[in-house]
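Enquirer: run-v3.txt is reproduced in full below (compact mmCIF, C-alpha atoms).
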# COMPACT_ATOMS: atom_id res chain seq x y z
CA MET A 1 -8.39 0.70 18.24
CA PRO A 2 -9.85 2.08 15.00
CA HIS A 3 -8.19 5.07 13.36
CA ASP A 4 -10.84 5.72 10.69
CA LEU A 5 -13.37 7.28 13.03
CA ASP A 6 -14.60 10.84 13.55
CA ALA A 7 -17.06 11.67 16.30
CA ILE A 8 -19.77 14.22 16.99
CA VAL A 9 -20.87 14.73 20.60
CA LEU A 10 -24.34 16.28 20.72
CA ALA A 11 -24.16 18.40 23.87
CA ASP A 12 -26.91 20.93 23.15
CA GLY A 13 -29.42 19.21 25.42
CA PRO A 14 -30.78 20.73 28.64
CA SER A 15 -28.51 18.75 30.99
CA ALA A 16 -25.18 18.99 29.14
CA ASP A 17 -23.62 21.04 31.96
CA VAL A 18 -24.91 18.80 34.76
CA ARG A 19 -21.99 17.22 36.64
CA VAL A 20 -22.27 13.52 37.44
CA ALA A 21 -19.43 11.62 39.15
CA GLY A 22 -16.94 14.41 38.56
CA LEU A 23 -17.69 15.20 34.89
CA THR A 24 -20.36 17.11 33.04
CA LEU A 25 -22.39 15.11 30.54
CA ARG A 26 -20.56 17.01 27.77
CA GLU A 27 -17.10 16.14 29.16
CA ARG A 28 -18.00 12.49 29.67
CA GLY A 29 -19.42 12.15 26.16
CA THR A 30 -16.23 13.65 24.72
CA ARG A 31 -14.02 11.28 26.68
CA VAL A 32 -16.18 8.31 25.66
CA ALA A 33 -15.69 9.30 22.02
CA GLY A 34 -11.94 9.52 22.58
CA ARG A 35 -11.88 6.11 24.24
CA ALA A 36 -13.74 4.72 21.22
CA GLY A 37 -10.79 5.76 19.06
CA ALA A 38 -12.12 8.92 17.38
CA SER A 39 -9.27 10.94 15.89
CA ARG A 40 -11.41 14.09 15.54
CA ILE A 41 -14.21 15.09 17.89
CA LEU A 42 -16.65 17.95 17.35
CA ILE A 43 -18.74 19.05 20.34
CA VAL A 44 -22.08 20.45 19.24
CA ASP A 45 -23.28 22.98 21.81
CA GLY A 46 -25.81 24.89 19.73
CA ALA A 47 -26.94 26.19 16.35
CA ALA A 48 -23.55 27.73 15.55
CA ASP A 49 -21.82 24.37 15.89
CA ARG A 50 -24.49 22.65 13.81
CA ALA A 51 -23.99 25.27 11.09
CA ARG A 52 -20.33 24.36 10.72
CA LEU A 53 -20.85 20.59 10.68
CA ALA A 54 -20.54 20.32 6.90
CA ALA A 55 -17.29 22.30 6.81
CA TRP A 56 -15.85 20.27 9.68
CA TRP A 57 -16.72 17.00 7.95
CA ALA A 58 -15.23 18.19 4.66
CA GLU A 59 -11.95 19.25 6.31
CA GLY A 60 -10.71 15.72 6.81
CA ALA A 61 -13.50 13.21 7.03
CA LYS A 62 -12.58 9.68 8.01
CA ALA A 63 -14.32 6.59 6.71
CA ARG A 64 -16.89 6.47 9.50
CA LEU A 65 -18.80 8.82 11.76
CA LEU A 66 -19.73 8.18 15.39
CA VAL A 67 -22.54 10.26 16.88
CA ILE A 68 -23.16 10.31 20.65
CA ARG A 69 -25.98 12.16 22.37
CA ALA A 70 -24.68 13.62 25.64
CA GLY A 71 -27.05 16.47 26.34
CA ASP A 72 -29.69 14.64 28.33
CA GLN A 73 -28.04 11.37 29.32
CA VAL A 74 -24.84 10.30 31.02
CA VAL A 75 -22.87 7.96 28.76
CA HIS A 76 -20.04 5.53 29.38
CA THR A 77 -17.76 3.46 27.15
CA PRO A 78 -19.97 0.32 26.96
CA LEU A 79 -22.47 2.39 24.98
CA VAL A 80 -20.14 2.70 21.98
CA ALA A 81 -17.48 0.02 22.52
CA SER A 82 -19.19 -2.50 20.24
CA LEU A 83 -20.21 0.16 17.71
CA ALA A 84 -16.64 1.31 17.17
CA THR A 85 -15.49 -2.18 16.20
CA THR A 86 -18.24 -2.90 13.67
CA SER A 87 -17.48 -2.76 9.95
CA GLY A 88 -20.86 -1.42 8.80
CA ASP A 89 -23.53 0.95 10.04
CA ALA A 90 -24.73 0.20 13.55
CA ILE A 91 -27.04 1.66 16.16
CA ALA A 92 -26.76 1.24 19.94
CA VAL A 93 -29.99 -0.12 21.36
CA ALA A 94 -31.16 -0.80 24.90
CA PRO A 95 -30.70 -4.41 26.05
CA GLU A 96 -33.35 -6.60 27.61
CA GLN A 97 -31.53 -6.54 30.94
CA PRO A 98 -31.03 -4.34 32.76
CA ALA A 99 -34.18 -2.54 31.68
CA ALA A 100 -33.88 1.20 31.05
CA THR A 101 -36.30 3.68 32.57
CA ASP A 102 -36.73 5.85 29.47
CA VAL A 103 -36.44 3.55 26.44
CA ALA A 104 -37.84 0.11 25.67
CA PRO A 105 -35.59 -2.90 25.05
CA GLY A 106 -34.33 -2.79 21.46
CA ALA A 107 -35.01 0.95 21.13
CA TYR A 108 -32.39 3.49 20.06
CA ALA A 109 -30.11 4.34 23.00
CA GLY A 110 -28.34 7.52 21.89
CA ALA A 111 -25.35 6.52 19.73
CA PHE A 112 -24.77 5.30 16.19
CA VAL A 113 -21.90 4.82 13.75
CA VAL A 114 -22.30 5.21 9.99
CA GLY A 115 -20.10 5.51 6.94
CA GLY A 116 -20.16 6.58 3.28
CA ALA A 117 -23.29 8.26 1.98
CA THR A 118 -25.11 7.61 5.24
CA ALA A 119 -22.49 9.60 7.13
CA THR A 120 -22.95 12.51 4.74
CA ARG A 121 -26.73 12.30 5.22
CA ALA A 122 -26.20 12.34 8.99
CA ILE A 123 -24.09 15.50 8.75
CA ASP A 124 -26.73 17.22 6.62
CA ALA A 125 -29.58 16.18 8.92
CA LEU A 126 -27.83 17.26 12.09
CA ALA A 127 -26.78 20.55 10.47
CA ALA A 128 -30.42 21.17 9.61
CA GLY A 129 -31.34 20.81 13.29
CA ASP A 130 -32.71 17.25 13.22
CA SER A 131 -32.27 15.17 16.37
CA ASP A 132 -30.14 12.05 16.46
CA VAL A 133 -33.30 10.11 17.37
CA ALA A 134 -35.05 11.24 14.20
CA PHE A 135 -32.08 10.45 11.97
CA ALA A 136 -31.44 7.06 13.60
CA ALA A 137 -34.98 6.06 12.63
CA THR A 138 -34.09 6.61 8.95
CA ILE A 139 -31.07 4.27 8.94
CA THR A 140 -32.75 1.18 7.57
CA ASN A 141 -29.64 -0.93 6.96
CA ALA A 142 -27.97 -0.43 10.36
CA SER A 143 -27.31 -3.37 12.68
CA PRO A 144 -28.86 -2.96 16.15
CA VAL A 145 -26.19 -3.53 18.81
CA ALA A 146 -27.32 -3.95 22.40
CA HIS A 147 -25.04 -1.81 24.55
CA GLY A 148 -23.08 -3.21 27.46
CA PRO A 149 -23.73 -2.70 31.17
CA ILE A 150 -23.20 0.67 32.88
CA ALA A 151 -23.51 2.39 29.50
CA ARG A 152 -26.07 5.17 29.85
CA HIS A 153 -28.72 6.72 32.07
CA PRO A 154 -31.15 9.59 31.48
CA VAL A 155 -30.44 12.82 33.36
CA ARG A 156 -33.56 14.94 33.20
CA ASP A 157 -34.01 15.81 36.87
CA ARG A 158 -32.20 15.52 40.20
CA GLY A 159 -33.60 12.06 40.87
CA GLU A 160 -32.20 10.70 37.59
CA GLN A 161 -28.95 12.56 38.24
CA ARG A 162 -28.49 10.69 41.51
CA ALA A 163 -29.47 7.39 39.87
CA ALA A 164 -26.94 7.99 37.07
CA ALA A 165 -24.23 8.62 39.66
CA ARG A 166 -25.10 5.40 41.48
CA LEU A 167 -24.87 3.52 38.18
CA LEU A 168 -21.40 4.88 37.45
CA TYR A 169 -20.20 4.25 41.00
CA ARG A 170 -20.59 0.52 40.39
CA ILE A 171 -17.47 0.55 38.21
CA VAL A 172 -15.15 1.32 41.14
CA HIS A 173 -15.03 -2.37 41.97
CA LYS A 174 -12.49 -4.43 40.04
CA PRO A 175 -12.88 -8.13 39.22
CA GLN A 176 -9.62 -8.78 41.12
CA ASP A 177 -10.97 -7.28 44.37
CA ASN A 178 -10.80 -9.76 47.22
CA ALA A 179 -12.97 -9.78 50.33
CA ILE A 180 -10.55 -7.58 52.30
CA THR A 181 -10.49 -4.94 49.57
CA ARG A 182 -14.24 -5.10 49.07
CA TYR A 183 -15.29 -4.91 52.73
CA LEU A 184 -12.35 -3.27 54.51
CA TYR A 185 -10.89 -0.85 51.98
CA ARG A 186 -13.55 0.24 49.46
CA PRO A 187 -16.03 1.44 52.13
CA VAL A 188 -13.38 3.94 53.31
CA SER A 189 -11.65 4.76 50.02
CA PHE A 190 -14.85 5.39 48.08
CA PRO A 191 -15.99 8.41 50.18
CA LEU A 192 -12.49 9.82 49.64
CA THR A 193 -12.90 9.19 45.92
CA LYS A 194 -16.15 11.17 45.92
CA LEU A 195 -14.22 14.11 47.37
CA PHE A 196 -11.45 13.77 44.77
CA LEU A 197 -14.07 13.72 42.01
CA GLN A 198 -15.10 17.25 42.94
CA THR A 199 -11.54 18.55 42.41
CA PRO A 200 -9.27 18.82 39.34
CA ILE A 201 -6.81 16.37 40.95
CA THR A 202 -5.80 13.65 38.48
CA PRO A 203 -5.28 9.95 39.28
CA ASN A 204 -1.53 10.31 38.74
CA GLN A 205 -1.43 13.20 41.20
CA ILE A 206 -3.17 10.96 43.74
CA SER A 207 -0.44 8.38 43.13
CA TYR A 208 2.19 11.05 43.80
CA LEU A 209 0.39 11.91 47.04
CA VAL A 210 0.48 8.24 48.01
CA GLY A 211 4.22 8.17 47.28
CA VAL A 212 4.81 11.18 49.54
CA MET A 213 2.73 9.66 52.35
CA VAL A 214 4.63 6.37 52.07
CA ALA A 215 8.01 8.13 52.01
CA ILE A 216 7.19 10.00 55.22
CA GLY A 217 5.81 6.82 56.80
CA ILE A 218 8.96 4.88 55.94
CA TRP A 219 11.17 7.68 57.29
CA LEU A 220 9.26 7.59 60.57
CA THR A 221 9.47 3.79 60.72
CA ALA A 222 13.24 3.84 60.33
CA HIS A 223 13.65 5.34 63.84
CA GLN A 224 14.40 3.72 67.15
CA SER A 225 11.33 5.12 68.84
CA MET A 226 8.31 2.81 68.95
CA SER A 227 6.03 5.86 68.76
CA TYR A 228 7.67 6.84 65.48
CA VAL A 229 7.20 3.32 64.13
CA ILE A 230 3.51 3.30 65.08
CA ALA A 231 3.02 6.69 63.41
CA GLY A 232 4.95 5.61 60.32
CA THR A 233 3.08 2.32 59.99
CA PHE A 234 -0.25 4.08 60.43
CA LEU A 235 0.69 6.59 57.71
CA CYS A 236 1.65 3.75 55.34
CA LEU A 237 -1.70 2.09 56.08
CA ALA A 238 -3.53 5.37 55.41
CA ALA A 239 -1.60 5.67 52.14
CA SER A 240 -2.90 2.25 51.08
CA TYR A 241 -6.46 3.58 51.42
CA VAL A 242 -5.68 6.68 49.38
CA ASP A 243 -3.98 4.36 46.88
CA CYS A 244 -7.38 2.83 46.12
CA CYS A 245 -8.66 6.23 45.05
CA ASP A 246 -6.41 6.75 42.04
CA GLY A 247 -7.88 3.77 40.21
CA GLU A 248 -11.42 4.65 41.25
CA VAL A 249 -11.05 8.23 40.00
CA ALA A 250 -9.41 7.01 36.79
CA ARG A 251 -12.28 4.65 36.02
CA LEU A 252 -14.98 7.19 36.85
CA LYS A 253 -13.36 10.08 34.97
CA LEU A 254 -12.18 7.92 32.06
CA LEU A 255 -8.54 8.82 32.74
CA SER A 256 -7.03 5.34 32.92
CA SER A 257 -3.63 5.11 31.25
CA LYS A 258 -0.65 2.78 31.04
CA LEU A 259 1.48 5.40 32.78
CA GLY A 260 -1.00 5.59 35.64
CA ALA A 261 -1.15 1.81 35.97
CA TRP A 262 2.63 1.51 36.09
CA LEU A 263 2.99 4.48 38.44
CA ASP A 264 0.58 2.83 40.85
CA THR A 265 2.36 -0.50 40.55
CA VAL A 266 5.87 0.90 41.07
CA ILE A 267 4.81 2.86 44.15
CA ASP A 268 3.10 -0.23 45.60
CA GLU A 269 6.14 -2.46 45.16
CA LEU A 270 8.67 0.12 46.35
CA SER A 271 6.57 0.88 49.44
CA THR A 272 6.45 -2.81 50.38
CA VAL A 273 10.19 -3.30 50.03
CA ALA A 274 11.09 0.02 51.66
CA TYR A 275 8.83 -0.58 54.67
CA MET A 276 10.45 -3.96 55.30
CA ALA A 277 13.93 -2.39 55.09
CA ALA A 278 12.91 0.53 57.34
CA LEU A 279 11.53 -1.89 59.90
CA GLY A 280 14.81 -3.83 59.81
CA TRP A 281 16.75 -0.64 60.48
CA HIS A 282 14.39 0.21 63.37
CA CYS A 283 15.03 -3.24 64.89
CA HIS A 284 18.78 -2.70 64.45
CA LEU A 285 18.50 0.54 66.46
CA TYR A 286 15.93 -0.63 69.03
CA PHE A 287 16.91 -4.23 69.78
CA GLY A 288 20.59 -4.02 68.86
CA PRO A 289 22.98 -6.66 67.53
CA GLY A 290 22.82 -8.68 70.77
CA TYR A 291 19.18 -9.63 70.29
CA PHE A 292 19.92 -13.36 70.05
CA SER A 293 22.61 -13.42 72.74
CA SER A 294 20.10 -14.29 75.45
CA TRP A 295 19.19 -17.34 73.38
CA GLY A 296 22.77 -18.57 73.45
CA LEU A 297 23.23 -17.71 69.77
CA PRO A 298 26.11 -15.22 69.63
CA LEU A 299 26.53 -13.88 66.12
CA GLY A 300 29.53 -12.18 64.65
CA HIS A 301 27.36 -9.80 62.61
CA ASP A 302 24.24 -7.78 63.27
CA PRO A 303 21.30 -10.18 62.56
CA TRP A 304 18.99 -7.29 61.68
CA LEU A 305 21.20 -6.00 58.91
CA ILE A 306 21.78 -9.52 57.60
CA ALA A 307 18.04 -10.21 57.59
CA THR A 308 17.39 -6.88 55.88
CA TRP A 309 19.77 -7.74 53.04
CA VAL A 310 18.17 -11.18 52.78
CA GLY A 311 14.76 -9.49 52.61
CA LEU A 312 15.90 -7.10 49.89
CA PHE A 313 17.24 -10.00 47.83
CA VAL A 314 14.15 -12.23 48.11
CA TYR A 315 11.74 -9.33 47.55
CA GLY A 316 13.70 -8.29 44.46
CA LEU A 317 13.72 -11.88 43.18
CA SER A 318 9.96 -12.21 43.70
CA ILE A 319 9.25 -8.92 41.95
CA TYR A 320 11.33 -9.99 38.95
CA CYS A 321 9.62 -13.39 38.66
CA ILE A 322 6.11 -11.98 39.14
CA TYR A 323 6.48 -9.15 36.65
CA TYR A 324 8.20 -11.32 34.08
CA ASN A 325 5.12 -13.51 34.33
CA ILE A 326 2.50 -10.78 34.02
CA ILE A 327 4.32 -8.58 31.48
CA VAL A 328 5.82 -11.16 29.12
CA VAL A 329 3.15 -13.85 29.30
CA VAL A 330 -0.09 -12.47 30.75
CA GLY A 331 0.20 -8.96 29.31
CA SER A 332 -0.73 -6.98 32.40
CA ALA A 333 0.67 -4.42 34.83
CA ASN A 334 -1.30 -5.72 37.81
CA SER A 335 0.38 -8.23 40.14
CA GLN A 336 -3.09 -9.60 40.97
CA ASP A 337 -3.09 -11.11 37.47
CA TYR A 338 -0.12 -13.36 38.28
CA VAL A 339 -0.56 -16.93 37.08
CA GLY A 340 1.43 -19.68 38.78
CA ARG A 341 1.00 -22.49 36.26
CA PHE A 342 0.28 -22.54 32.55
CA GLU A 343 -0.72 -25.22 30.10
CA VAL A 344 0.16 -25.18 26.41
CA VAL A 345 -2.83 -25.12 24.04
CA PRO A 346 -3.02 -24.68 20.24
CA GLY A 347 -3.12 -21.11 18.94
CA ASP A 348 -5.57 -19.58 16.48
CA GLU A 349 -3.02 -19.60 13.66
CA PRO A 350 -0.89 -22.42 12.21
CA ASN A 351 2.25 -23.26 14.20
CA THR A 352 1.22 -21.09 17.15
CA VAL A 353 0.42 -21.98 20.74
CA ARG A 354 -0.94 -20.15 23.76
CA LEU A 355 0.01 -20.41 27.40
CA ARG A 356 -3.32 -20.71 29.18
CA PRO A 357 -3.65 -20.53 32.99
CA ALA A 358 -3.89 -24.08 34.26
CA ALA A 359 -6.95 -24.89 36.31
CA SER A 360 -6.03 -25.28 39.97
CA LYS A 361 -7.54 -27.99 42.10
CA ALA A 362 -10.08 -26.39 44.39
CA ILE A 363 -10.29 -27.33 48.06
CA ASP A 364 -13.65 -28.90 48.88
CA THR A 365 -14.90 -26.87 51.85
CA ALA A 366 -18.53 -27.99 51.67
CA SER A 367 -17.99 -30.95 54.02
CA MET A 368 -15.79 -29.04 56.48
CA SER A 369 -16.85 -27.65 59.82
CA PRO A 370 -17.63 -23.90 59.84
CA PRO A 371 -14.29 -22.93 61.50
CA LEU A 372 -12.27 -24.94 58.97
CA ARG A 373 -14.39 -23.64 56.08
CA PHE A 374 -13.72 -20.07 57.23
CA PHE A 375 -9.99 -20.77 57.60
CA PHE A 376 -9.52 -22.26 54.13
CA THR A 377 -11.76 -19.64 52.49
CA TYR A 378 -9.79 -16.69 53.82
CA LEU A 379 -6.32 -18.27 54.12
CA PRO A 380 -5.18 -16.92 50.71
CA TYR A 381 -5.83 -13.36 51.88
CA ILE A 382 -3.12 -13.36 54.57
CA VAL A 383 -0.42 -12.89 51.94
CA ARG A 384 -2.17 -9.88 50.42
CA ARG A 385 -0.55 -6.45 50.87
CA ASP A 386 -3.79 -4.94 52.17
CA PHE A 387 -4.00 -7.55 54.95
CA ILE A 388 -0.29 -7.30 55.82
CA SER A 389 -0.63 -3.52 56.25
CA TRP A 390 -3.18 -4.00 59.02
CA VAL A 391 -1.16 -6.76 60.70
CA ALA A 392 1.95 -4.57 60.61
CA LEU A 393 0.07 -1.80 62.42
CA ALA A 394 -1.20 -4.27 65.06
CA PHE A 395 2.35 -5.55 65.63
CA ALA A 396 3.66 -1.98 65.91
CA VAL A 397 1.02 -1.02 68.48
CA LEU A 398 1.92 -4.14 70.51
CA HIS A 399 5.64 -3.25 70.17
CA TRP A 400 6.19 -6.53 68.35
CA THR A 401 8.22 -4.92 65.60
CA ASP A 402 10.75 -7.77 65.76
CA VAL A 403 7.97 -10.29 65.07
CA SER A 404 6.62 -8.06 62.28
CA PHE A 405 10.03 -7.78 60.64
CA PHE A 406 10.86 -11.48 60.73
CA THR A 407 7.34 -12.31 59.53
CA GLN A 408 7.81 -10.05 56.51
CA VAL A 409 11.26 -11.44 55.72
CA GLY A 410 10.03 -15.00 56.20
CA GLY A 411 7.03 -14.33 53.99
CA GLY A 412 9.38 -12.87 51.38
CA VAL A 413 11.54 -16.00 51.47
CA GLY A 414 8.50 -18.26 51.10
CA THR A 415 7.09 -16.17 48.24
CA ALA A 416 10.48 -16.14 46.48
CA VAL A 417 10.74 -19.92 46.67
CA ILE A 418 7.25 -20.42 45.21
CA VAL A 419 7.47 -17.87 42.40
CA SER A 420 11.01 -18.95 41.53
CA MET A 421 9.79 -22.53 41.03
CA ASP A 422 6.94 -21.19 38.89
CA HIS A 423 9.43 -19.06 36.93
CA VAL A 424 11.76 -21.99 36.20
CA ARG A 425 8.79 -24.07 35.06
CA LEU A 426 7.62 -21.24 32.79
CA LEU A 427 11.08 -20.80 31.26
CA ARG A 428 11.26 -24.54 30.52
CA GLN A 429 7.87 -24.41 28.80
CA ARG A 430 8.93 -21.45 26.66
CA ARG A 431 12.22 -23.13 25.70
CA ALA A 432 10.44 -26.35 24.76
CA ILE A 433 8.03 -24.40 22.56
CA ALA A 434 10.91 -22.52 20.91
CA ARG A 435 12.80 -25.78 20.22
CA ALA A 436 9.65 -27.12 18.55
CA GLY A 437 9.74 -24.12 16.19
CA GLN A 438 6.40 -22.77 17.42
CA VAL A 439 5.36 -19.18 18.15
CA ILE A 440 3.79 -18.24 21.47
CA ARG A 441 0.74 -16.00 21.50
CA ARG A 442 -0.18 -14.16 24.69
CA ALA A 443 -2.23 -16.01 27.29
CA SER A 444 -5.98 -15.62 27.16
The structure in this file should be written as structure tokens.
Expert:
Amino acid sequence: MPHDLDAIVLADGPSADVRVAGLTLRERGTRVAGRAGASRILIVDGAADRARLAAWWAEGAKARLLVIRAGDQVVHTPLVASLATTSGDAIAVAPEQPAATDVAPGAYAGAFVVGGATATRAIDALAAGDSDVAFAATITNASPVAHGPIARHPVRDRGEQRAAARLLYRIVHKPQDNAITRYLYRPVSFPLTKLFLQTPITPNQISYLVGVMVAIGIWLTAHQSMSYVIAGTFLCLAASYVDCCDGEVARLKLLSSKLGAWLDTVIDELSTVAYMAALGWHCHLYFGPGYFSSWGLPLGHDPWLIATWVGLFVYGLSIYCIYYNIIVVVGSANSQDYVGRFEVVPGDEPNTVRLRPAASKAIDTASMSPPLRFFFTYLPYIVRRDFISWVALAFAVLHWTDVSFFTQVGGGVGTAVIVSMDHVRLLRQRRAIARAGQVIRRAS
């Protein structure tokens, strides 16, 4: 992230106060400038702000100046992401695809970055009332940089306002989304997100709400009554839908943060472990220690409590192995980025190597019958938390809480075995690299 950047957000256009996806054009332009790494940001709302541009620039000018027009267009980070990393003067231009409705491909798109004498000229021109479009046309030595996708959209009337919102809404989907998330969760969570966008509630506050919902759901589940378990499981399932909203709001309002990512992750993992333990305690109360007696398997200790402690151990072991993998090697806070196997490849610098995810052998489903193709396509999803939440509710409604509990403990044991083997393999790779006197760079 550059630290030599100042930014001016031109918000004196006719639509600066129009709210799109939870933010006014002015607010979104300011946050985009902050995400680009600007250490100082001046919002220009009118003639008075333009009159003090020269004084503001002289107070503590950095090496480069970023100018973003946010008075008649909604802007997002891809508009300036490439500009902020360039070393010279650069202008954001419209790409060939997707085609814009208001500017031709290769034409100025509403943002530029300049330094030195050109930055001073920009300050003088803007202070004199010139538009950014007019000044951009005078920068003869600037490199044209085609902006990325979901970067900008004109907002000159209600029709364009709705189109701009639809453009931004596309970013709610993450590359890691599986079919269950995409078709079962997002269609419900996204309308909730639209409601949250109209409030001052932050993504972290949504995460706290999820934590409260889960805590109540787990408390209900840890009762003998089947009705309580059904209610508690349903509340935990509802919390998983609300849990989708914090990330969606964060992406749309440009409020993503490491704290938010970790808060979401910690609540997810604790809810999974706590629900399993609460279900074990429910089975202890409902079925009792003599559950296996009718099978001719008298036990000296309560099997439910034993299984609960086994579940806590294997879940804890899995969490350690998974997060060692993604934090130390992958560099992520998202368990969906877990990599089972790595291969060692040369690094970009002398005596360095990288641990690159090893390509897995894909199952050829093309020659299979439709039922088998469906089974092998969606088999990986049955171990996902979002799928398990629905299965747990179905088991609770059927009063199969014993089956649900043992399924979760058994799944935890299987997961622990697999990730432990991956973890041992990873540790051996890292030790072999260290013995060779090489330095490991993060996986790419």
Enquirer: Using only C-alpha atoms, list the residues that have an atom at most 10 Å from (3.9, 0.8, 46.3), coordinates as in the file, as an MDAnalysis selection string.
Expert: chainID A and resid 207 210:211 214 236 239:240 243 263:275 385
Enquirer: Those same residues, written as a compact mmCIF listing (two decimals), keeping the file's coordinate frame with C-alpha atoms?
Expert:
# COMPACT_ATOMS: atom_id res chain seq x y z
CA SER A 207 -0.44 8.38 43.13
CA VAL A 210 0.48 8.24 48.01
CA GLY A 211 4.22 8.17 47.28
CA VAL A 214 4.63 6.37 52.07
CA CYS A 236 1.65 3.75 55.34
CA ALA A 239 -1.60 5.67 52.14
CA SER A 240 -2.90 2.25 51.08
CA ASP A 243 -3.98 4.36 46.88
CA LEU A 263 2.99 4.48 38.44
CA ASP A 264 0.58 2.83 40.85
CA THR A 265 2.36 -0.50 40.55
CA VAL A 266 5.87 0.90 41.07
CA ILE A 267 4.81 2.86 44.15
CA ASP A 268 3.10 -0.23 45.60
CA GLU A 269 6.14 -2.46 45.16
CA LEU A 270 8.67 0.12 46.35
CA SER A 271 6.57 0.88 49.44
CA THR A 272 6.45 -2.81 50.38
CA VAL A 273 10.19 -3.30 50.03
CA ALA A 274 11.09 0.02 51.66
CA TYR A 275 8.83 -0.58 54.67
CA ARG A 385 -0.55 -6.45 50.87
Enquirer: I want to know what sits within 8 Å of range 192-203 of chain A, based on only C-alpha atoms, with residues of the same chain fewer than 5 positions away left out; could you give that as a PyMOL selection string?
Expert: chain A and resi 21-22+242+245-250+253+255+260
Enquirer: Put those residues in a file: C-alpha atoms, as a PDB file, in the coordinates of the input.
Expert:
ATOM      1  CA  ALA A  21     -19.430  11.620  39.150  1.00  0.00           C
ATOM      2  CA  GLY A  22     -16.940  14.410  38.560  1.00  0.00           C
ATOM      3  CA  VAL A 242      -5.680   6.680  49.380  1.00  0.00           C
ATOM      4  CA  CYS A 245      -8.660   6.230  45.050  1.00  0.00           C
ATOM      5  CA  ASP A 246      -6.410   6.750  42.040  1.00  0.00           C
ATOM      6  CA  GLY A 247      -7.880   3.770  40.210  1.00  0.00           C
ATOM      7  CA  GLU A 248     -11.420   4.650  41.250  1.00  0.00           C
ATOM      8  CA  VAL A 249     -11.050   8.230  40.000  1.00  0.00           C
ATOM      9  CA  ALA A 250      -9.410   7.010  36.790  1.00  0.00           C
ATOM     10  CA  LYS A 253     -13.360  10.080  34.970  1.00  0.00           C
ATOM     11  CA  LEU A 255      -8.540   8.820  32.740  1.00  0.00           C
ATOM     12  CA  GLY A 260      -1.000   5.590  35.640  1.00  0.00           C
TER      13      GLY A 260
END
Enquirer: Which of these, A:Ser332, A:Ser15, A:Thr401, A:Thr352, has the shortest distance to Asp157 in chain A once you count all atoms listed in the file?
Expert: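 For Asp157 in chain A, the nearest of the candidates is A:Ser15.
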Enquirer: Could you tell me how far CA of His423 in chain A lies from CA of Trp262 in chain A, in Å and to one decimal?
Expert: 21.7 Å
Enquirer: For a test of reading the model, state the distance in Å between CA of Ile68 in chain A and CA of Ser257 in chain A, rounded to one decimal.
Expert: 22.8 Å
Enquirer: When you look at range 276-290 of chain A with a cut-off of 6 Å (counting only C-alpha atoms), what residues show up, excluding the ones that are within fewer than 4 positions of it in the same chain? I need them as a ChimeraX atom specification.
Expert: /A:221-224,302,304,308
Enquirer: Kindly provide, as JSON, numbers by chain, the polymer residues lying within 12 Å of (10.0, -9.8, 36.4), counting all atoms listed in the file and using the coordinates exactly as they appear in the file.
Expert: {"A": [315, 316, 317, 318, 319, 320, 321, 322, 323, 324, 325, 326, 327, 328, 329, 330, 332, 333, 335, 338, 416, 419, 420, 423]}
Enquirer: By how many Å are CA of Arg69 in chain A and CA of Val9 in chain A apart?
Expert: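 That distance, rounded to one decimal, is 6.0 Å.
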Enquirer: The centre and edge lengths of an axis-aligned box containing all atoms of range 60-77 of chain A present in the file, extended by 8 Å on each side, are to be given in Å to one decimal, as AutoDock Vina command-line options.
Expert:
--center_x -20.2 --center_y 10.0 --center_z 18.9 --size_x 35.0 --size_y 29.0 --size_z 40.3
Enquirer: For a quick check of understanding, using all atoms listed in the file, which of A:Val75, A:Ile41, A:Ile123, A:Met213 has the smallest distance to Arg28 in chain A?
Expert: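 Looking at the shortest contact to Arg28 in chain A, the residue is A:Val75.
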Enquirer: Can you tell me, as an MDAnalysis selection string, what residues are no more than 10 Å from Arg50 in chain A when counting only C-alpha atoms, ignoring any on the same chain fewer than 2 positions away?
Expert: chainID A and resid 10 12 42:48 52:54 56 123:130
Enquirer: I need the residues from that last selection saved to file as a CSV table (one decimal), keeping the file's coordinate frame (with C-alpha atoms), if you can.
Expert:
chain,number,residue,atom,x,y,z
A,10,LEU,CA,-24.3,16.3,20.7
A,12,ASP,CA,-26.9,20.9,23.2
A,42,LEU,CA,-16.6,18.0,17.4
A,43,ILE,CA,-18.7,19.0,20.3
A,44,VAL,CA,-22.1,20.4,19.2
A,45,ASP,CA,-23.3,23.0,21.8
A,46,GLY,CA,-25.8,24.9,19.7
A,47,ALA,CA,-26.9,26.2,16.4
A,48,ALA,CA,-23.6,27.7,15.6
A,52,ARG,CA,-20.3,24.4,10.7
A,53,LEU,CA,-20.8,20.6,10.7
A,54,ALA,CA,-20.5,20.3,6.9
A,56,TRP,CA,-15.8,20.3,9.7
A,123,ILE,CA,-24.1,15.5,8.8
A,124,ASP,CA,-26.7,17.2,6.6
A,125,ALA,CA,-29.6,16.2,8.9
A,126,LEU,CA,-27.8,17.3,12.1
A,127,ALA,CA,-26.8,20.6,10.5
A,128,ALA,CA,-30.4,21.2,9.6
A,129,GLY,CA,-31.3,20.8,13.3
A,130,ASP,CA,-32.7,17.2,13.2
Enquirer: Smallest atom-to-atom distance to Ser87 in chain A: which of A:Ile206, A:Ala137, A:Val212, A:Ala63, using only C-alpha atoms?
Expert: A:Ala63
Enquirer: Find the residues around Pro98 in chain A up to 10 Å (only C-alpha atoms counted), leave out those fewer than 4 positions away in its own chain, and share them as a compact mmCIF listing (two decimals) with C-alpha atoms, keeping the file's coordinate frame.
Expert:
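Writing the result to result29.txt gives the following:
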# COMPACT_ATOMS: atom_id res chain seq x y z
CA ALA A 94 -31.16 -0.80 24.90
CA PRO A 105 -35.59 -2.90 25.05
CA GLY A 148 -23.08 -3.21 27.46
CA PRO A 149 -23.73 -2.70 31.17
CA ILE A 150 -23.20 0.67 32.88
